[in-house]
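Contents: one structure, followed by commentary.
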Amino acid sequence: MSTVVAEKPTGSMQGARLPKWFTVALAAGSAALGIGISFAAGLDSSIQWALIAAILFIVGTYVIATVVEGKRQAKDRIATSLVWVAFMLAVVPLVSLVWTTVVRGVKVLDVYFLTHSMGVVADSETGGGIYHAIIGSLEQVGLATLMGAPIGILTAVYLVEYGHGKLAKAVTFFVDVMTGIPSIVAGLFILSIMLQFQMQPFGFAGSLALAILMMPVVVRSTEEMLKLVPNELREASLALGIPKWRTILKVVLPTAIGGITTGVMLAVARIAGETAPVLLLVFGNPFINNNPFEGAQASLPLYIYQQYAGGTDASYDRAWAAALTLIAFVMILNLGARAIARWKAPKTGR
Amino acid sequence: MSKRIDVSGLSAYYGSFRAIEDISMTVEPRTVTAFIGPSGCGKSTFLRTLNRMHEVTPGGRVEGKVMLDEENLYGTGVDPVAVRREVGMVFQRPNPFPTMSVYDNVAAGLRLSGSYKKSELGDIVEKSLKGANLWNEVKDRLNKPGSGLSGGQQQRLCIARAIAVEPKVLLMDEPCSALDPISTLAIEDLIGELKERFTIVIVTHNMQQAARVSDKTAFFNLAAVGQPGKLIEIDDTERIFSNPSVQATEDYISGRFG
């Protein structure tokens, strides 16, 4: 096949290789050509020209690499390009989302915004803040974590360390089912109980629904982490005459603590953004309510929804600023989890 | 403070599969007994029945008697946790606890089984590390992670961890198979010293090692794959390696099969 040769091969194991700048050059060329074609055809969407450029890039890579380097290398390059394209497809929306939120959110995000409630502010007015929503979110998510994380971790410990029979199979099955519960259904479940006792909305009811949503996520991730702990460590501990429960507590769980923490934090991040159950059970409240056990409360996702529904420029700004706060909250949680995971992870000592 | 082990009519199962059949033997205190035999003949399984680790495996089940001096390990009401404090174990692959420092690894058995005096802990750790010939190498890095040591050091750390709880018997399941010759030599020397204090049982695939370290050698074999393993004979190591009473033993030792 190889008629055009970039560098002359000298040995039998040496084939012609495209130079290192080839990929970059081809990418730039495809992009330029993509834009050119789009202009000529009168397409004005940036997505269209990006797609044309991507197709040009992949086809170009394959053709040129086949001619110069041979079929196998061409396939290798195609696989690499496809992985890059997939990566871009995943990253572009993420970056775009974060960028939009930051740009729109910083407009009204300041200390005043973080420390005041919406108490006497109408939707159409500027001013007001999210203090009440932050308090509500922290309390509801905190209480949900206090309930969901221990139950989830203990369930995972049971499944990995103790469960072998029918009960373990049943638990696994129901955890799978729970993973698929839509958040509104969890909310309705708690609501039906509340209606039985004729209770008014309050923060803890939301926590219960959030805990239901959190548990299966924690069980799944903890289970995987515990399975990664080598059996030799359990046997080493048991062989020292250490009881099983202490082996689990002092050897198995510390070894897996990094991964477990990450799993719990991901679950927290998930429930922190839940709106539906909060809407049903906590109801929302423009005033500061520090007590999660009595009276309606606010929460960040619900606040965003309500401000967006407000429909005025002032409330749009507040919605974006609250969204930015929520993203920052989840981001800080994740960074915290990473730090804990790194700090607690087994050390190699080298 | 070592004790005699007296096994009679012992069979071990994995579910319905019988892995070893009707084994009887006596292990004298302050001796080293080596188990040799082809892979899959049940040496390790038998070793693990001696401190009730066999039943940790799902489906693991044991029939028969193991007497430790006057006590049957499989008697009614015997707590396996208490058995394992009397009969310690060292595994094939070094397995220090990755979350713990060198010091904590050695102290783990005492700390986690909950029977120690705080003031004595440091002394016990030092004594155990010295007993495992590791003290000089790690005394300046006691607070560093145990998994940062070399393979041979890790294995001696595991031995130190096992002897820190003062067992009466020490079981070793191919303790040198993952180690280089120098580390192996260090461990073999150590076994020679430890037999003054413990009854030692060691499983090994290395017949020279069995000849070097043990007083008695037991040969295990199985009739065919899928058949249970059996004890063929146990005798003084010298006799096993010079003039065994069973033909199969001689064939195995001289390399004619296996």
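Every chain in the structure tokens takes a letter, A first, then B, and so on in the order presented; its residues are numbered from 1, and the ligands are numbered from 1 following the presented order.
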
At most 12 Å to chain B: residues in chain A, only C-alpha atoms, as number ranges by chain: A: 161-165, 229-258, 343-350

Store the residues picked out above, limited to C-alpha atoms, as a PDB file, in the first residue's frame.
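Result saved to out22.pdb:
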ATOM      1  CA  GLU A 161     -19.387  -9.586  54.739  1.00  0.00           C
ATOM      2  CA  TYR A 162     -22.356 -11.579  56.003  1.00  0.00           C
ATOM      3  CA  GLY A 163     -25.074 -12.111  53.407  1.00  0.00           C
ATOM      4  CA  HIS A 164     -24.991 -15.325  51.396  1.00  0.00           C
ATOM      5  CA  GLY A 165     -28.531 -16.639  51.417  1.00  0.00           C
ATOM      6  CA  VAL A 229     -10.577  -5.086  49.904  1.00  0.00           C
ATOM      7  CA  PRO A 230      -8.365  -8.169  49.492  1.00  0.00           C
ATOM      8  CA  ASN A 231      -9.611 -11.249  51.286  1.00  0.00           C
ATOM      9  CA  GLU A 232      -6.087 -11.825  52.613  1.00  0.00           C
ATOM     10  CA  LEU A 233      -6.495  -8.833  54.912  1.00  0.00           C
ATOM     11  CA  ARG A 234      -9.660 -10.270  56.420  1.00  0.00           C
ATOM     12  CA  GLU A 235      -7.972 -13.634  56.904  1.00  0.00           C
ATOM     13  CA  ALA A 236      -4.850 -12.038  58.386  1.00  0.00           C
ATOM     14  CA  SER A 237      -6.989 -10.231  60.903  1.00  0.00           C
ATOM     15  CA  LEU A 238      -9.150 -13.261  61.757  1.00  0.00           C
ATOM     16  CA  ALA A 239      -6.039 -15.415  62.151  1.00  0.00           C
ATOM     17  CA  LEU A 240      -4.779 -13.018  64.833  1.00  0.00           C
ATOM     18  CA  GLY A 241      -7.804 -13.891  66.922  1.00  0.00           C
ATOM     19  CA  ILE A 242      -9.602 -10.656  66.153  1.00  0.00           C
ATOM     20  CA  PRO A 243     -13.402 -11.043  66.148  1.00  0.00           C
ATOM     21  CA  LYS A 244     -15.171 -10.592  62.826  1.00  0.00           C
ATOM     22  CA  TRP A 245     -16.958  -7.370  63.754  1.00  0.00           C
ATOM     23  CA  ARG A 246     -13.690  -5.735  64.821  1.00  0.00           C
ATOM     24  CA  THR A 247     -12.015  -7.010  61.674  1.00  0.00           C
ATOM     25  CA  ILE A 248     -14.686  -5.250  59.626  1.00  0.00           C
ATOM     26  CA  LEU A 249     -14.554  -2.103  61.735  1.00  0.00           C
ATOM     27  CA  LYS A 250     -10.793  -1.741  62.082  1.00  0.00           C
ATOM     28  CA  VAL A 251      -9.347  -3.423  59.006  1.00  0.00           C
ATOM     29  CA  VAL A 252     -11.907  -3.686  56.197  1.00  0.00           C
ATOM     30  CA  LEU A 253     -13.662  -0.319  56.514  1.00  0.00           C
ATOM     31  CA  PRO A 254     -10.458   1.760  57.030  1.00  0.00           C
ATOM     32  CA  THR A 255      -8.935   0.142  53.946  1.00  0.00           C
ATOM     33  CA  ALA A 256     -11.973   1.105  51.878  1.00  0.00           C
ATOM     34  CA  ILE A 257     -12.728   4.427  53.588  1.00  0.00           C
ATOM     35  CA  GLY A 258     -11.497   6.578  50.703  1.00  0.00           C
ATOM     36  CA  TRP A 343      -5.750  11.614  53.377  1.00  0.00           C
ATOM     37  CA  LYS A 344      -7.265   8.277  54.448  1.00  0.00           C
ATOM     38  CA  ALA A 345      -6.190   6.125  51.533  1.00  0.00           C
ATOM     39  CA  PRO A 346      -3.722   3.289  52.234  1.00  0.00           C
ATOM     40  CA  LYS A 347      -0.229   4.695  51.974  1.00  0.00           C
ATOM     41  CA  THR A 348       2.650   3.022  50.225  1.00  0.00           C
ATOM     42  CA  GLY A 349       5.259   4.901  52.199  1.00  0.00           C
ATOM     43  CA  ARG A 350       7.618   5.371  49.291  1.00  0.00           C
TER      44      ARG A 350
END

Every residue of range 97-128 of chain B that DSSP places in helix (DSSP H, G or I), as number ranges by chain: B: 102-113, 118-128

Interatomic distance, CA of Leu208 in chain A to CA of Leu154 in chain A (Å, one decimal): 17.7 Å

Strand (DSSP E or B) call set, DSSP backbone run, range 1-231 of chain B, as a ChimeraX atom specification: /B:5-14,17-27,32-36,60-68,71-72,87-90,101,145,169-173,199-203,216-222,229-231

Residues near Lys65 in chain B, cut-off 12 Å, only C-alpha atoms, skip fewer than 4 positions along chain, as number ranges by chain: B: 5-12, 22-26, 49-50, 52, 70-76

Atomic separation - CA of Ser16 in chain B relative to CA of Val62 in chain B, Å: 11.3 Å

Long-range neighbours of range 215-220 of chain A as JSON, numbers by chain, 9 Å cut-off, only C-alpha atoms, 3 positions minimum in chain: {"A": [145, 147, 148, 149, 150, 151, 152, 153, 154, 155, 156, 157, 174, 175, 176, 177, 178, 179, 210, 211, 212, 223, 224, 225, 260, 263, 264, 265, 266, 267]}

For CA of Gly284 in chain A and CA of Gln198 in chain A, the interatomic separation in Å (one decimal):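 If I compute the distance from CA of Gly284 in chain A to CA of Gln198 in chain A, I get 18.3 Å.
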
So that I can check the surroundings of Tyr112 in chain A, please list as a tab-separated table (two decimals) with N, CA and C atoms, in the first residue's frame every protein, DNA and RNA residue that reaches within 10 Å of it, counting only C-alpha atoms and ignoring chain neighbours fewer than 3 positions away.
chain	number	residue	atom	x	y	z
A	108	VAL	N	-25.59	38.93	40.67
A	108	VAL	CA	-26.14	39.37	41.96
A	108	VAL	C	-25.55	38.59	43.14
A	109	LEU	N	-24.57	37.74	42.84
A	109	LEU	CA	-24.01	36.92	43.92
A	109	LEU	C	-23.00	37.74	44.73
A	115	THR	N	-26.53	36.24	52.66
A	115	THR	CA	-26.88	36.39	54.08
A	115	THR	C	-28.28	36.94	54.30
A	116	HIS	N	-29.08	37.09	53.24
A	116	HIS	CA	-30.44	37.59	53.43
A	116	HIS	C	-31.45	36.65	52.81
A	117	SER	N	-32.69	36.73	53.35
A	117	SER	CA	-33.73	35.86	52.82
A	117	SER	C	-34.59	36.64	51.84
A	127	GLY	N	-32.79	42.68	44.85
A	127	GLY	CA	-32.46	42.47	46.25
A	127	GLY	C	-32.90	41.10	46.70
A	128	GLY	N	-32.95	40.88	48.00
A	128	GLY	CA	-33.28	39.56	48.50
A	128	GLY	C	-32.07	38.63	48.42
A	129	GLY	N	-32.25	37.42	48.92
A	129	GLY	CA	-31.09	36.51	48.94
A	129	GLY	C	-31.50	35.07	49.12
A	130	ILE	N	-30.53	34.25	49.43
A	130	ILE	CA	-30.78	32.80	49.51
A	130	ILE	C	-30.41	32.22	50.86
A	131	TYR	N	-30.22	33.11	51.86
A	131	TYR	CA	-29.81	32.57	53.16
A	131	TYR	C	-30.76	31.49	53.65

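Checking A:Ala296, A:Leu146, A:Ala328, A:Val278 one by one against Met199 in chain A, counting only C-alpha atoms, you find the shortest gap at A:Ala296.
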
Residue neighbourhood Lys195 in chain B, 8 Å, only C-alpha atoms, exclusion window fewer than 6 positions, as a ChimeraX atom specification: /B:30-32

Contacts of Ser38 in chain A within 10 Å, only C-alpha atoms, excl. fewer than 3 positions in-chain, as a PyMOL selection string: chain A and resi 32-35+41-46+48-50+52-53

Can you write out the residues you just picked, keeping C-alpha atoms, as a PDB file, in the first residue's frame?
ATOM      1  CA  ALA A  32     -10.647  25.772   8.646  1.00  0.00           C
ATOM      2  CA  LEU A  33     -12.193  23.724   5.845  1.00  0.00           C
ATOM      3  CA  GLY A  34     -15.311  23.095   7.934  1.00  0.00           C
ATOM      4  CA  ILE A  35     -15.813  26.814   8.462  1.00  0.00           C
ATOM      5  CA  ALA A  41     -23.175  26.737   1.877  1.00  0.00           C
ATOM      6  CA  GLY A  42     -24.676  29.475   4.009  1.00  0.00           C
ATOM      7  CA  LEU A  43     -24.849  27.433   7.229  1.00  0.00           C
ATOM      8  CA  ASP A  44     -24.650  29.706  10.255  1.00  0.00           C
ATOM      9  CA  SER A  45     -24.846  27.226  13.154  1.00  0.00           C
ATOM     10  CA  SER A  46     -21.559  26.581  14.925  1.00  0.00           C
ATOM     11  CA  GLN A  48     -23.009  22.340  11.944  1.00  0.00           C
ATOM     12  CA  TRP A  49     -19.530  23.519  11.132  1.00  0.00           C
ATOM     13  CA  ALA A  50     -18.087  21.639  14.110  1.00  0.00           C
ATOM     14  CA  ILE A  52     -18.389  18.984   9.335  1.00  0.00           C
ATOM     15  CA  ALA A  53     -14.916  19.626  10.740  1.00  0.00           C
TER      16      ALA A  53
END
